Every structure is written in C-alpha cells, then in structure tokens.
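Structure data follow from query.txt (compact mmCIF, C-alpha atoms):
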# COMPACT_ATOMS: atom_id res chain seq x y z
CA MET A 1 -26.33 -1.01 21.11
CA VAL A 2 -26.58 -0.05 17.51
CA THR A 3 -23.51 1.72 16.22
CA PRO A 4 -24.18 5.34 15.30
CA ASP A 5 -23.84 6.36 11.71
CA LEU A 6 -20.25 7.35 10.98
CA VAL A 7 -20.86 8.37 7.40
CA SER A 8 -21.94 11.98 6.98
CA GLU A 9 -25.48 12.81 5.94
CA GLU A 10 -24.09 14.13 2.68
CA ASP A 11 -22.39 10.84 2.01
CA ILE A 12 -25.55 8.94 2.82
CA ALA A 13 -27.53 11.09 0.41
CA LYS A 14 -25.15 10.09 -2.35
CA LEU A 15 -25.42 6.45 -1.41
CA ILE A 16 -29.17 6.12 -1.18
CA ILE A 17 -29.79 7.64 -4.60
CA PRO A 18 -27.14 5.97 -6.69
CA ASP A 19 -26.60 7.18 -10.22
CA ASP A 20 -24.06 4.56 -11.15
CA LEU A 21 -26.10 1.39 -10.90
CA PRO A 22 -25.96 -0.97 -13.87
CA ASP A 23 -28.57 -0.47 -16.54
CA GLU A 24 -30.86 -3.03 -15.02
CA GLN A 25 -34.60 -3.28 -15.07
CA PRO A 26 -36.26 -0.25 -13.50
CA THR A 27 -38.63 -0.50 -10.57
CA PHE A 28 -41.59 1.00 -12.36
CA LYS A 29 -42.89 1.87 -15.79
CA ALA A 30 -46.04 3.70 -16.72
CA TYR A 31 -47.79 4.22 -20.01
CA ILE A 32 -50.63 6.28 -21.36
CA GLU A 33 -52.75 4.91 -24.18
CA ALA A 34 -55.57 6.43 -26.16
CA LYS A 35 -57.87 4.72 -28.63
CA VAL A 36 -60.14 6.98 -30.64
CA TYR A 37 -63.24 5.80 -32.49
CA ASP A 38 -65.34 7.67 -35.01
CA LYS A 39 -69.10 7.91 -34.81
CA GLU A 40 -69.43 4.55 -36.55
CA GLY A 41 -67.25 2.84 -34.01
CA HIS A 42 -64.20 2.45 -36.20
CA LEU A 43 -60.84 2.88 -34.56
CA ILE A 44 -59.23 5.90 -36.16
CA GLN A 45 -56.34 6.74 -33.85
CA TYR A 46 -54.17 4.79 -31.47
CA HIS A 47 -51.65 6.58 -29.32
CA ARG A 48 -49.28 5.23 -26.70
CA GLN A 49 -46.54 7.01 -24.85
CA PRO A 50 -44.60 6.64 -21.62
CA MET A 51 -45.95 8.45 -18.62
CA ARG A 52 -43.16 10.60 -17.33
CA SER A 53 -44.35 12.89 -14.59
CA LEU A 54 -45.54 11.78 -11.19
CA THR A 55 -46.19 14.47 -8.63
CA GLN A 56 -45.09 14.51 -5.01
CA TYR A 57 -48.64 13.62 -4.10
CA PHE A 58 -48.34 10.25 -5.81
CA LEU A 59 -45.21 9.59 -3.79
CA ALA A 60 -47.04 10.54 -0.62
CA LEU A 61 -49.98 8.32 -1.56
CA MET A 62 -47.55 5.46 -2.05
CA ALA A 63 -46.19 6.20 1.39
CA ILE A 64 -49.48 5.23 3.03
CA PRO A 65 -49.12 1.47 2.38
CA ILE A 66 -45.44 1.73 3.34
CA LEU A 67 -45.56 3.94 6.44
CA ALA A 68 -49.20 3.22 7.34
CA THR A 69 -51.20 5.89 9.14
CA TYR A 70 -49.75 6.13 12.64
CA GLN A 71 -46.28 7.28 13.60
CA SER A 72 -45.74 4.14 15.66
CA ALA A 73 -47.51 1.59 17.82
CA SER A 74 -47.68 4.12 20.64
CA ILE A 75 -48.01 7.52 18.98
CA ASN A 76 -51.58 8.42 18.15
CA SER A 77 -50.68 10.79 15.30
CA ALA A 78 -50.30 10.41 11.57
CA PRO A 79 -46.79 10.29 10.09
CA SER A 80 -45.55 13.84 9.58
CA LEU A 81 -44.87 13.13 5.92
CA LEU A 82 -48.57 12.58 5.28
CA VAL A 83 -49.47 15.70 7.23
CA ASN A 84 -46.85 17.90 5.58
CA VAL A 85 -47.27 16.75 1.98
CA LEU A 86 -50.93 15.81 1.77
CA GLY A 87 -52.26 18.22 4.36
CA LEU A 88 -54.04 15.45 6.24
CA PRO A 89 -54.86 15.98 9.92
CA SER A 90 -52.40 14.56 12.40
CA ASN A 91 -55.34 13.29 14.41
CA ALA A 92 -59.08 13.13 13.92
CA GLY A 93 -59.54 15.19 17.03
CA CYS A 94 -63.31 15.19 16.82
CA CYS A 95 -63.94 11.49 16.97
CA TYR A 96 -63.16 8.16 18.51
CA SER A 97 -62.96 6.38 15.17
CA ALA A 98 -61.69 7.41 11.75
CA ASN A 99 -60.44 5.76 8.62
CA ILE A 100 -58.80 6.65 5.33
CA SER A 101 -59.41 5.62 1.74
CA TRP A 102 -58.91 7.10 -1.71
CA ASP A 103 -60.17 7.05 -5.24
CA TRP A 104 -58.69 7.99 -8.58
CA SER A 105 -59.92 9.58 -11.77
CA ILE A 106 -58.49 10.38 -15.18
CA GLN A 107 -58.67 14.03 -16.14
CA LEU A 108 -58.27 15.24 -19.70
CA GLY A 109 -57.40 18.73 -20.82
CA SER A 110 -56.88 20.92 -23.80
CA GLY A 111 -53.97 23.01 -22.57
CA THR A 112 -50.33 22.53 -21.68
CA GLN A 113 -48.17 23.65 -18.81
CA ALA A 114 -44.75 23.00 -17.40
CA PHE A 115 -44.55 20.14 -14.95
CA SER A 116 -43.96 20.73 -11.29
CA LEU A 117 -44.07 18.30 -8.39
CA SER A 118 -46.85 20.28 -6.76
CA LEU A 119 -49.21 20.66 -9.70
CA SER A 120 -52.80 20.55 -8.54
CA SER A 121 -54.73 20.65 -11.81
CA LEU A 122 -54.49 20.45 -15.57
CA ALA A 123 -53.90 23.66 -17.49
CA ALA A 124 -57.30 23.56 -19.17
CA PRO A 125 -59.44 20.68 -17.90
CA ILE A 126 -62.10 19.40 -20.27
CA SER A 127 -65.38 19.46 -18.42
CA ASN A 128 -67.77 16.56 -18.15
CA GLY A 129 -70.73 17.54 -20.27
CA THR A 130 -72.40 17.84 -23.61
CA GLY A 131 -71.52 21.40 -24.39
CA ALA A 132 -69.00 22.71 -26.88
CA GLY A 133 -65.50 21.53 -26.02
CA GLU A 134 -66.78 19.12 -23.42
CA LEU A 135 -66.68 15.33 -23.16
CA VAL A 136 -68.97 12.94 -21.33
CA TYR A 137 -66.80 10.94 -18.93
CA GLY A 138 -67.79 7.34 -18.29
CA THR A 139 -67.18 5.34 -15.15
CA LEU A 140 -63.56 4.80 -14.23
CA SER A 141 -62.42 1.23 -14.70
CA VAL A 142 -59.64 -0.13 -12.49
CA SER A 143 -58.09 -3.57 -12.65
CA TYR A 144 -54.80 -5.17 -11.82
CA SER A 145 -52.72 -8.04 -13.02
CA GLY A 146 -49.84 -8.96 -10.77
CA SER A 147 -48.08 -5.73 -9.91
CA THR A 148 -49.59 -3.82 -12.84
CA ILE A 149 -52.56 -1.52 -12.23
CA LEU A 150 -54.71 -0.50 -15.21
CA VAL A 151 -56.90 2.59 -15.03
CA SER A 152 -59.14 3.59 -17.93
CA VAL A 153 -62.02 5.82 -18.77
CA GLN A 154 -64.25 6.11 -21.81
CA VAL A 155 -65.24 9.55 -22.98
CA SER A 156 -67.84 10.48 -25.57
CA ASN A 157 -68.11 13.58 -27.68
CA THR A 158 -71.80 14.31 -28.07
CA THR A 159 -71.23 17.42 -30.15
CA SER A 160 -70.53 17.75 -33.84
CA THR A 161 -67.20 19.44 -33.23
CA THR A 162 -63.89 17.69 -32.65
CA VAL A 163 -62.47 17.94 -29.13
CA SER A 164 -58.70 17.95 -28.97
CA VAL A 165 -57.02 16.41 -25.92
CA THR A 166 -53.48 17.60 -25.27
CA GLU A 167 -52.92 16.79 -21.58
CA ILE A 168 -53.85 14.03 -19.18
CA GLY A 169 -53.56 13.53 -15.46
CA LEU A 170 -54.24 10.87 -12.90
CA ALA A 171 -56.16 12.68 -10.22
CA GLY A 172 -57.54 11.49 -6.95
CA THR A 173 -59.36 12.19 -3.75
CA ILE A 174 -58.35 11.02 -0.31
CA TYR A 175 -61.25 10.53 2.08
CA ILE A 176 -61.07 10.61 5.86
CA GLN A 177 -64.28 9.32 7.35
CA TYR A 178 -65.24 9.98 10.94
CA ASN A 179 -67.58 8.04 13.15
CA ASN A 180 -69.82 11.11 13.44
CA GLY A 181 -70.66 10.66 9.76
CA SER A 182 -68.62 13.49 8.35
CA ILE A 183 -66.13 12.96 5.54
CA ASN A 184 -63.21 15.22 4.71
CA LYS A 185 -61.98 15.18 1.12
CA TYR A 186 -58.53 16.08 -0.15
CA ASN A 187 -58.04 16.42 -3.90
CA PHE A 188 -54.73 15.87 -5.68
CA LEU A 189 -53.14 15.51 -9.07
CA PHE A 190 -50.97 12.40 -8.98
CA SER A 191 -49.50 12.65 -12.49
CA TYR A 192 -49.36 15.10 -15.34
CA ASP A 193 -48.39 14.50 -18.95
CA THR A 194 -48.87 16.24 -22.24
CA PHE A 195 -49.47 14.15 -25.33
CA SER A 196 -46.64 14.07 -27.83
CA THR A 197 -49.35 14.52 -30.45
CA ALA A 198 -52.84 15.72 -29.66
CA VAL A 199 -55.60 13.15 -29.43
CA SER A 200 -58.62 14.32 -31.41
CA VAL A 201 -62.04 12.99 -30.53
CA PRO A 202 -64.30 13.64 -33.53
CA GLY A 203 -67.86 14.80 -33.32
CA TYR A 204 -70.10 12.01 -32.06
CA GLY A 205 -67.02 9.88 -31.60
CA MET A 206 -65.53 8.44 -28.46
CA ALA A 207 -62.19 7.54 -26.97
CA VAL A 208 -60.75 5.30 -24.30
CA PHE A 209 -57.82 6.60 -22.27
CA GLN A 210 -55.83 4.15 -20.23
CA ILE A 211 -53.02 4.63 -17.73
CA THR A 212 -50.89 1.61 -16.95
CA LEU A 213 -48.85 1.62 -13.75
CA SER A 214 -46.45 -1.27 -13.74
CA PHE A 215 -44.25 -1.92 -10.75
CA THR A 216 -41.11 -4.01 -11.19
CA GLY A 217 -40.72 -2.45 -14.61
CA MET B 1 -72.92 -0.11 -29.04
CA MET B 2 -70.73 2.16 -31.04
CA ILE B 3 -67.48 0.25 -30.90
CA GLY B 4 -67.03 -1.91 -33.95
CA ARG B 5 -64.04 -3.65 -35.33
CA GLU B 6 -60.65 -3.19 -33.79
CA ILE B 7 -57.32 -1.98 -34.95
CA GLU B 8 -57.15 -4.33 -37.91
CA ASP B 9 -59.70 -2.08 -39.59
CA ILE B 10 -57.27 0.58 -40.50
CA ASP B 11 -53.57 0.89 -41.08
CA ILE B 12 -52.58 2.63 -37.89
CA ARG B 13 -48.96 2.52 -36.97
CA MET B 14 -47.85 3.07 -33.44
CA PRO B 15 -45.52 6.02 -33.04
CA ILE B 16 -41.98 4.78 -32.99
CA ASP B 17 -41.32 6.34 -29.62
CA ALA B 18 -44.25 4.53 -28.09
CA TYR B 19 -42.72 1.08 -28.33
CA ASP B 20 -41.31 -0.35 -25.16
CA ILE B 21 -37.65 -0.46 -25.98
CA GLY B 22 -36.57 -0.78 -22.38
CA LYS B 23 -34.84 2.58 -22.45
CA ASP B 24 -37.63 4.78 -21.21
CA THR B 25 -36.82 6.95 -18.26
CA PRO B 26 -38.83 5.50 -15.41
CA THR B 27 -41.04 7.86 -13.49
CA PHE B 28 -40.50 6.06 -10.22
CA ASN B 29 -37.62 4.16 -8.76
CA ALA B 30 -36.83 2.53 -5.46
CA TYR B 31 -33.35 1.90 -4.16
CA LEU B 32 -32.01 -0.38 -1.47
CA THR B 33 -28.74 0.59 0.20
CA ALA B 34 -26.91 -1.19 3.00
CA VAL B 35 -23.92 0.28 4.83
CA VAL B 36 -21.97 -2.33 6.80
CA ARG B 37 -19.55 -1.42 9.58
CA ASN B 38 -17.09 -3.49 11.53
CA SER B 39 -16.72 -3.54 15.29
CA ASP B 40 -14.65 -0.33 15.13
CA GLY B 41 -17.44 1.51 13.37
CA ARG B 42 -15.60 1.68 10.09
CA VAL B 43 -17.52 1.23 6.89
CA ILE B 44 -16.40 -2.02 5.33
CA ARG B 45 -19.01 -2.39 2.63
CA VAL B 46 -21.69 -0.41 0.84
CA HIS B 47 -24.27 -2.43 -1.03
CA ARG B 48 -26.56 -0.70 -3.52
CA GLN B 49 -29.24 -2.06 -5.81
CA ARG B 50 -32.54 -1.13 -7.31
CA SER B 51 -35.49 -2.28 -5.27
CA HIS B 52 -38.06 -4.06 -7.38
CA SER B 53 -40.74 -5.66 -5.43
CA PRO B 54 -43.92 -4.31 -3.98
CA THR B 55 -45.84 -7.33 -2.78
CA ALA B 56 -49.42 -8.23 -3.55
CA ASN B 57 -50.36 -6.69 -0.19
CA PHE B 58 -48.96 -3.35 -1.34
CA ILE B 59 -50.91 -3.47 -4.61
CA GLY B 60 -54.10 -4.31 -2.74
CA LEU B 61 -53.65 -1.38 -0.38
CA MET B 62 -52.85 1.01 -3.24
CA LEU B 63 -55.96 0.20 -5.29
CA PRO B 64 -58.52 3.01 -5.37
CA LEU B 65 -62.14 2.74 -4.31
CA SER B 66 -63.24 2.45 -7.94
CA TYR B 67 -61.65 -0.98 -8.09
CA PHE B 68 -63.67 -2.15 -5.11
CA ASN B 69 -66.93 -0.39 -5.82
CA THR B 70 -67.51 -0.64 -9.55
CA ALA B 71 -67.49 -4.43 -9.75
CA ASN B 72 -67.93 -5.20 -6.03
CA ASN B 73 -64.37 -6.45 -5.84
CA SER B 74 -62.36 -7.22 -2.75
CA PHE B 75 -58.70 -7.98 -2.21
CA THR B 76 -57.25 -10.73 -0.07
CA LEU B 77 -54.48 -9.49 2.19
CA THR B 78 -52.17 -12.09 3.71
CA THR B 79 -50.42 -11.54 7.01
CA THR B 80 -46.87 -12.59 7.76
CA GLY B 81 -48.39 -15.51 9.66
CA GLY B 82 -50.34 -16.65 6.61
CA SER B 83 -53.79 -15.53 7.76
CA THR B 84 -55.98 -13.87 5.16
CA TYR B 85 -58.30 -10.90 5.34
CA THR B 86 -60.81 -9.72 2.78
CA PHE B 87 -60.08 -6.04 2.26
CA LYS B 88 -62.90 -3.97 0.82
CA PRO B 89 -62.74 -0.30 1.68
CA GLY B 90 -65.54 2.06 0.77
CA ILE B 91 -67.48 5.15 1.70
CA GLY B 92 -70.05 4.79 4.44
CA THR B 93 -70.37 3.96 8.08
CA SER B 94 -69.98 0.24 7.54
CA ALA B 95 -66.96 0.48 5.24
CA ARG B 96 -63.80 -1.07 6.62
CA CYS B 97 -60.90 1.17 5.68
CA ILE B 98 -57.39 1.67 7.03
CA SER B 99 -57.62 3.12 10.52
CA TYR B 100 -56.64 6.75 11.07
CA PRO B 101 -55.51 8.46 14.31
CA ASN B 102 -58.43 9.53 16.47
CA THR B 103 -59.33 10.41 20.03
CA ALA B 104 -59.33 6.79 21.15
CA ASN B 105 -55.91 5.29 21.73
CA ASN B 106 -56.38 2.17 19.70
CA TYR B 107 -56.79 0.92 16.12
CA TYR B 108 -53.16 1.68 15.28
CA SER B 109 -51.81 1.03 11.78
CA TYR B 110 -48.08 1.67 11.67
CA LEU B 111 -44.74 0.83 10.11
CA VAL B 112 -43.31 -2.00 12.18
CA MET B 113 -39.85 -2.45 10.75
CA ILE B 114 -37.52 -3.17 7.95
CA GLN B 115 -37.00 -6.86 8.42
CA VAL B 116 -33.93 -8.78 7.28
CA GLY B 117 -33.61 -12.47 6.58
CA SER B 118 -31.29 -15.22 5.52
CA GLY B 119 -33.45 -16.93 2.90
CA THR B 120 -34.87 -16.03 -0.51
CA ARG B 121 -38.31 -15.99 -2.09
CA SER B 122 -38.42 -16.84 -5.76
CA ASN B 123 -41.62 -14.84 -6.36
CA PRO B 124 -41.43 -11.57 -4.43
CA PHE B 125 -44.88 -10.42 -5.55
CA ASN B 126 -46.54 -13.37 -3.86
CA ALA B 127 -44.36 -13.17 -0.76
CA TYR B 128 -46.23 -12.48 2.47
CA SER B 129 -43.26 -13.07 4.77
CA LEU B 130 -39.52 -13.33 4.53
CA ALA B 131 -38.30 -16.82 3.77
CA ALA B 132 -36.10 -16.98 6.86
CA PRO B 133 -36.47 -13.89 9.06
CA ILE B 134 -33.48 -13.07 11.25
CA ALA B 135 -34.75 -12.75 14.80
CA ASN B 136 -34.20 -9.69 16.97
CA GLY B 137 -31.67 -10.66 19.60
CA SER B 138 -28.09 -11.49 20.44
CA GLY B 139 -28.27 -15.24 20.01
CA THR B 140 -26.63 -17.24 17.28
CA GLY B 141 -27.68 -15.98 13.85
CA GLN B 142 -29.60 -13.05 15.33
CA LEU B 143 -29.31 -9.26 14.98
CA ILE B 144 -30.39 -6.55 17.36
CA TYR B 145 -33.00 -4.45 15.55
CA GLY B 146 -32.86 -0.69 15.97
CA SER B 147 -35.88 1.53 15.48
CA VAL B 148 -37.06 2.30 12.00
CA SER B 149 -36.45 5.92 11.02
CA VAL B 150 -39.04 7.79 8.97
CA PRO B 151 -38.60 11.28 7.50
CA SER B 152 -41.01 14.06 8.36
CA ASN B 153 -41.24 15.24 4.78
CA ILE B 154 -40.41 14.49 1.19
CA THR B 155 -37.11 15.79 -0.10
CA VAL B 156 -37.47 17.79 -3.32
CA SER B 157 -34.71 18.47 -5.80
CA GLY B 158 -35.86 19.97 -9.08
CA ASN B 159 -38.52 17.67 -10.43
CA GLU B 160 -37.27 14.81 -8.28
CA ALA B 161 -38.83 13.96 -4.96
CA TYR B 162 -38.01 11.16 -2.59
CA PHE B 163 -38.22 9.85 0.92
CA THR B 164 -36.02 7.34 2.69
CA ILE B 165 -36.71 5.02 5.58
CA SER B 166 -33.84 3.35 7.38
CA GLN B 167 -33.09 0.98 10.19
CA ALA B 168 -29.91 -0.14 11.93
CA PHE B 169 -29.07 -3.69 12.97
CA ASN B 170 -26.28 -4.63 15.36
CA ASN B 171 -24.57 -7.98 15.50
CA SER B 172 -23.77 -9.19 19.01
CA SER B 173 -24.25 -12.83 18.16
CA GLY B 174 -20.62 -13.87 18.41
CA ALA B 175 -20.31 -14.72 14.71
CA THR B 176 -20.92 -13.24 11.27
CA VAL B 177 -24.58 -12.98 10.27
CA THR B 178 -25.46 -13.06 6.58
CA ILE B 179 -28.42 -11.15 5.14
CA THR B 180 -29.91 -12.23 1.81
CA GLU B 181 -33.42 -10.76 1.89
CA VAL B 182 -35.05 -7.56 3.11
CA GLY B 183 -38.67 -6.49 3.51
CA ILE B 184 -40.90 -3.75 4.88
CA ILE B 185 -43.57 -4.79 7.37
CA ILE B 186 -46.51 -2.75 8.57
CA TYR B 187 -49.20 -3.49 11.11
CA LEU B 188 -52.70 -2.88 9.82
CA GLN B 189 -56.04 -2.37 11.44
CA THR B 190 -59.27 -1.38 9.77
CA ALA B 191 -61.76 0.96 11.34
CA SER B 192 -65.45 1.27 10.72
CA SER B 193 -67.80 3.38 12.76
CA ALA B 194 -70.67 0.96 12.29
CA ALA B 195 -68.95 -2.38 11.80
CA GLY B 196 -66.27 -2.00 14.43
CA ASN B 197 -62.57 -2.43 14.13
CA THR B 198 -60.46 -5.31 12.98
CA ASN B 199 -56.87 -6.20 13.75
CA ILE B 200 -55.48 -7.60 10.52
CA GLY B 201 -51.92 -8.02 11.76
CA GLN B 202 -48.50 -7.65 10.21
CA LEU B 203 -48.28 -7.34 6.44
CA LEU B 204 -45.23 -7.59 4.21
CA VAL B 205 -45.65 -4.76 1.71
CA TRP B 206 -42.22 -4.66 0.06
CA TYR B 207 -39.68 -7.41 -0.47
CA ASP B 208 -36.27 -7.72 -2.06
CA VAL B 209 -33.75 -10.46 -2.46
CA LEU B 210 -30.29 -8.91 -2.29
CA SER B 211 -28.28 -9.11 -5.48
CA SER B 212 -25.38 -10.27 -3.29
CA ALA B 213 -25.41 -11.38 0.31
CA ILE B 214 -24.38 -8.97 3.06
CA SER B 215 -22.17 -10.28 5.84
CA VAL B 216 -22.36 -8.41 9.12
CA PRO B 217 -19.32 -9.23 11.27
CA ASN B 218 -19.61 -9.94 14.95
CA GLY B 219 -19.60 -6.64 16.80
CA GLY B 220 -20.46 -4.82 13.60
CA SER B 221 -23.65 -3.32 12.28
CA VAL B 222 -25.56 -2.62 9.12
CA VAL B 223 -27.95 0.20 8.26
CA ILE B 224 -30.56 -0.58 5.59
CA TYR B 225 -31.94 2.36 3.59
CA TYR B 226 -35.04 2.16 1.39
CA THR B 227 -35.47 5.16 -0.89
CA PHE B 228 -38.60 5.81 -2.95
CA MET B 229 -38.33 8.44 -5.64
CA VAL B 230 -40.45 9.95 -8.39
CA ASN B 231 -38.99 11.40 -11.57
CA PRO B 232 -35.43 10.19 -10.89

Take the structure in this file and express it as structure tokens.
Amino acid sequence: MVTPDLVSEEDIAKLIIPDDLPDEQPTFKAYIEAKVYDKEGHLIQYHRQPMRSLTQYFLALMAIPILATYQSASINSAPSLLVNVLGLPSNAGCCYSANISWDWSIQLGSGTQAFSLSLSSLAAPISNGTGAGELVYGTLSVSYSGSTILVSVQVSNTTSTTVSVTEIGLAGTIYIQYNNGSINKYNFLFSYDTFSTAVSVPGYGMAVFQITLSFTG
Amino acid sequence: MMIGREIEDIDIRMPIDAYDIGKDTPTFNAYLTAVVRNSDGRVIRVHRQRSHSPTANFIGLMLPLSYFNTANNSFTLTTTGGSTYTFKPGIGTSARCISYPNTANNYYSYLVMIQVGSGTRSNPFNAYSLAAPIANGSGTGQLIYGSVSVPSNITVSGNEAYFTISQAFNNSSGATVTITEVGIIIYLQTASSAAGNTNIGQLLVWYDVLSSAISVPNGGSVVIYYTFMVNP
C-alpha cells in the first residue's frame, strides 16, 4: 500500500513551486519578432522582444497532450480541468464518435490593456481588410525545429496611411467534431503582449510578425 | 514580390533589451518534485528541479492544424514500444484527431501514469520511452505504482496559473530502489467518423533525467509531482 502523504497540503504547495532553485536554464522561452518593409520591399524596422504573458488557456491547451482527453481508461468523461477552464463538454452526448483538434492565429491590435490570465481578446483588434486602419492578414505559417515552434503571419497595408501595431496575441480555436457532422468551436486568447515600442506598418508596406515558442529554454 | 534586400540594407540596431541575455523571465516553467519517505512515513528527502523536456511526441500533439494543413504536413508519433504512427489531424469526417468522450464506451485517450526508471536518455527530446522503466510490482528493483492524481482545475494566484499531477510509488521490494529518470505517459487513440478509429498506444510526452538520483528505501515511498505553470 502506498503511504499516505504526511506533509500538509500547504507544505506541498511550497515544494512543488520552488522559488529557490539555482539560476539554471528555464523550461521555456518565447519571443515576438516583427519585420517591417516599406512599399519598395526594403526592411525599415526590426523589433524583437520576449513574450511575457501566457493566459490560463494556453496552460489548459498544453494540458491536452499531458492529460489527454479522458479522465482515465474507464471513465468516459473529459478531465475536469479541460471542462472547467476551456468550457469543453465533459462528453459528446449526442454522438458515438467525437474528436478534438485546434488551430492558432496571430492577432494584432492598436490598443493596450492590462494583462489577466483570462483575457479573451485584444484591446483593439486590427481587422482583416483594406479599409482605414486595417491590415490584410496572410496565411498563418507554422513550423517547428526540435522543441521550438515558430508561428508567423504576413500582413499588408493596402492603404496610404500608416497602421500602428501596439499589441499582439496568439489566439486559437479548439474544434470538437462529431460523427453527425457538426463541429463546435471554442475561441481563446493564448497569449497577450504589448510592444515595447509600436510597430508601424507604412502605407502600402507590409510586415511579418513571428512568435517563437521554445521549450527547454 | 515586394520583399527586397534584407536587414543589411539599412542600419537597424536591435533594441538592447531584445537580445537573449539568458535573464529573461520565462513565461512558462515546469517543476519536478519528489518527496521520499522511509518506512515510518517520515520525509527523508525532498528533491526539486526544473523540468525541461517535452518530447517530440508532445510537440507533435501541440502543433496546430495550420501546420498540418498549409503544407500537407504530418507528424510521426512514436509509441513506448517503438511503433510509429503518422499523425495528421484536420477538419472533416475523414480527419483523424485525438478521440474525445462520446456515447460509445471506447476510443479512450487518457493519462496512463508518471513512470519512473533507473536509466538515462541523453537526448530527452527524441526519447519515446524511459531508458530502463521500473516495473510495477514488489519484486527486486520494482515499485508499486499508485494512481496518478490530476487536479480538477487550474490554480490561479495573481497572474500565475498552474496545475500539478502527482503519483505515489511504494517500495516493497526488500531493498532500496534508485530512480534516475521520470516521464509522463499517455494512451492515445484517434477518432474519425468516416475513417474509423485507431489505437496508437502509449506515448511518452514528457521526460526528465533527475539532477541527482533518488533512493527509495525498502518499506518507504516516494511521491512525484509535476507542476506546469505560466507566468511564474
């Protein structure tokens, strides 16, 4: 029989989140980069800064490959953490088959707001379009090298007026597909950061924004 | 094509605070804690270290649909037994994605265990199994595996959020058992309404070599805690 835990829960909490570990390599680093080009294709601004603010939804997304999607080999319900944090159903009660997948996107904005773990959107998202203050978003590019995941998007400013980008987020949608053909979508903001200096996309210019997620530091 | 010459065109200096100086506050951390008790139930050692190593399987499962769809990519998952599976989720009736609970009592994907071992892998990212898993039992060199414990929610403290999974192991082998490696293992099935379901098997998704070995005395126990935290 496994010995019961004789250390109090309070003691365990102090142990599992140590604040006195040596200054060794962190588990994870993330960066945001922006390259801005003028209408002639010349690089006119390069910006790179650490990403600092992951939301609780990113943590819950990470939990899916760690906890998987069932409570156990014999409980036909999703882990409560996924249900409570992401709002996913505990069971696809309608159907005899269901699956889960997700996609990401990079959202840009022109506002700022204080960070919170439960942020759901940017302060002032920049719409996809050709109107004033809008940018045309290209297709998201995702690649990986070892334990580093690179996510980037190209945006174009088709107007004559500069568009200033002050905030960026990694957003995403979780899909649950059912065998009856229906798909439920759940939208989240996985990270939120403001730029230390605004990134200005000039009229008829373009920019590439990249988020680098590097595990093992 | 609008893009012309690269950064050498213009004198652009990177902001000083953008350089990787190794001092940035990480936005995510994982910790591995082990609490060892003797046969009287007294704590005789607490081992703590940062956890570093999602495996390739973890990265493949984390990748979003854009990775798979845009360039028709797939990802090769490797089971603990060394079998491979071409993972390519998508949207549509034939897409093979991670199974989700439904009205049929099958297709389960679940957390199997925190597994402990007595070997080491030199390249954790490429690891698909522990080097020398310690078997569940009371024989020589074995440990009795308890059930893995999973929280029902994320714990929030200010801008920090974390969850911890844990598992106890009891030593009734008659001698000290030494742990040098730890991993997280899930069982994965894919489900597709048109293409059927596939048992992939057990996957190692996280792996760590302990910074110092843990000795569990005969009659004693150890509880392993994995904590995953954002904005620590």

*Just the residues within 6 Å of range 45-59 of chain A, please, counting only C-alpha atoms, with nothing from its chain fewer than 6 positions along; format it as an MDAnalysis selection string.*
(chainID A and resid 30:36 117 190:192) or (chainID B and resid 18 27)

Using the file's own x, y and z axes, what box holds all listed atoms of range 68-72 of chain B with 5 Å on each side, keeping edges along x, y and z, and what are its centre and edge lengths in Å to one decimal, as JSON?
{"center_x": -65.8, "center_y": -2.8, "center_z": -7.4, "size_x": 14.3, "size_y": 14.8, "size_z": 14.6}

*What residues have an atom no more than 9 Å from (-59.9, 2.2, 21.3) in the file's own frame, counting only C-alpha atoms, and can you write them as a PyMOL selection string?*
(chain A and resi 96-97) or (chain B and resi 102-107+197)

*Could you give me, as an MDAnalysis selection string, the residues within 7 Å of range 146-155 of chain A, counting only C-alpha atoms and dropping anything in the same chain fewer than 6 positions from it?*
(chainID A and resid 106 135:140 206:215) or (chainID B and resid 56 59)

_So, with only C-alpha atoms as the atoms that count, which of B:Gly117, B:Pro232, B:Gly82, B:Gly141 lies closest to chain A?_
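For chain A, the nearest of the given residues is B:Pro232.
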
*Nearby residues (only C-alpha atoms) at most 10 Å from Ser212 in chain B, same-chain spacing under 3 positions excluded, as a list in words*: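 So, after excluding close chain neighbours, the residues are His47, Arg48, Gln49, Ile179, Thr180, Glu181, Val209 and Ser215 of chain B.
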
*For Trp104 in chain A, work out the shell of residues within 6 Å, counting all atoms listed in the file and skipping chain neighbours fewer than 2 positions away, then give it as a PyMOL selection string.*
(chain A and resi 171-172) or (chain B and resi 64)

Give as a PDB file with C-alpha atoms, in the coordinates of the input each residue that has an atom at most 7 Å from (-35.2, 0.0, 12.5) in the file, counting only C-alpha atoms.
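As a result, part-v1.pdb now contains:
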ATOM      1  CA  MET B 113     -39.850  -2.450  10.750  1.00  0.00           C
ATOM      2  CA  ILE B 114     -37.520  -3.170   7.950  1.00  0.00           C
ATOM      3  CA  TYR B 145     -33.000  -4.450  15.550  1.00  0.00           C
ATOM      4  CA  GLY B 146     -32.860  -0.690  15.970  1.00  0.00           C
ATOM      5  CA  SER B 147     -35.880   1.530  15.480  1.00  0.00           C
ATOM      6  CA  VAL B 148     -37.060   2.300  12.000  1.00  0.00           C
ATOM      7  CA  SER B 149     -36.450   5.920  11.020  1.00  0.00           C
ATOM      8  CA  SER B 166     -33.840   3.350   7.380  1.00  0.00           C
ATOM      9  CA  GLN B 167     -33.090   0.980  10.190  1.00  0.00           C
ATOM     10  CA  ALA B 168     -29.910  -0.140  11.930  1.00  0.00           C
TER      11      ALA B 168
END

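Note that the spacing between CA of Ser66 in chain B and CA of Thr78 in chain B amounts to 21.7 Å.
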
*Return the single residue from B:Gly196, B:Gly60, B:Pro133, B:Gly41 that is closest to Leu77 in chain B, with distances computed using only C-alpha atoms.*
B:Gly60

_Atom pair CA of Ser77 in chain A / CA of Val230 in chain B: separation (Å)_ =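 Pair CA of Ser77 in chain A / CA of Val230 in chain B returns 25.8 Å.
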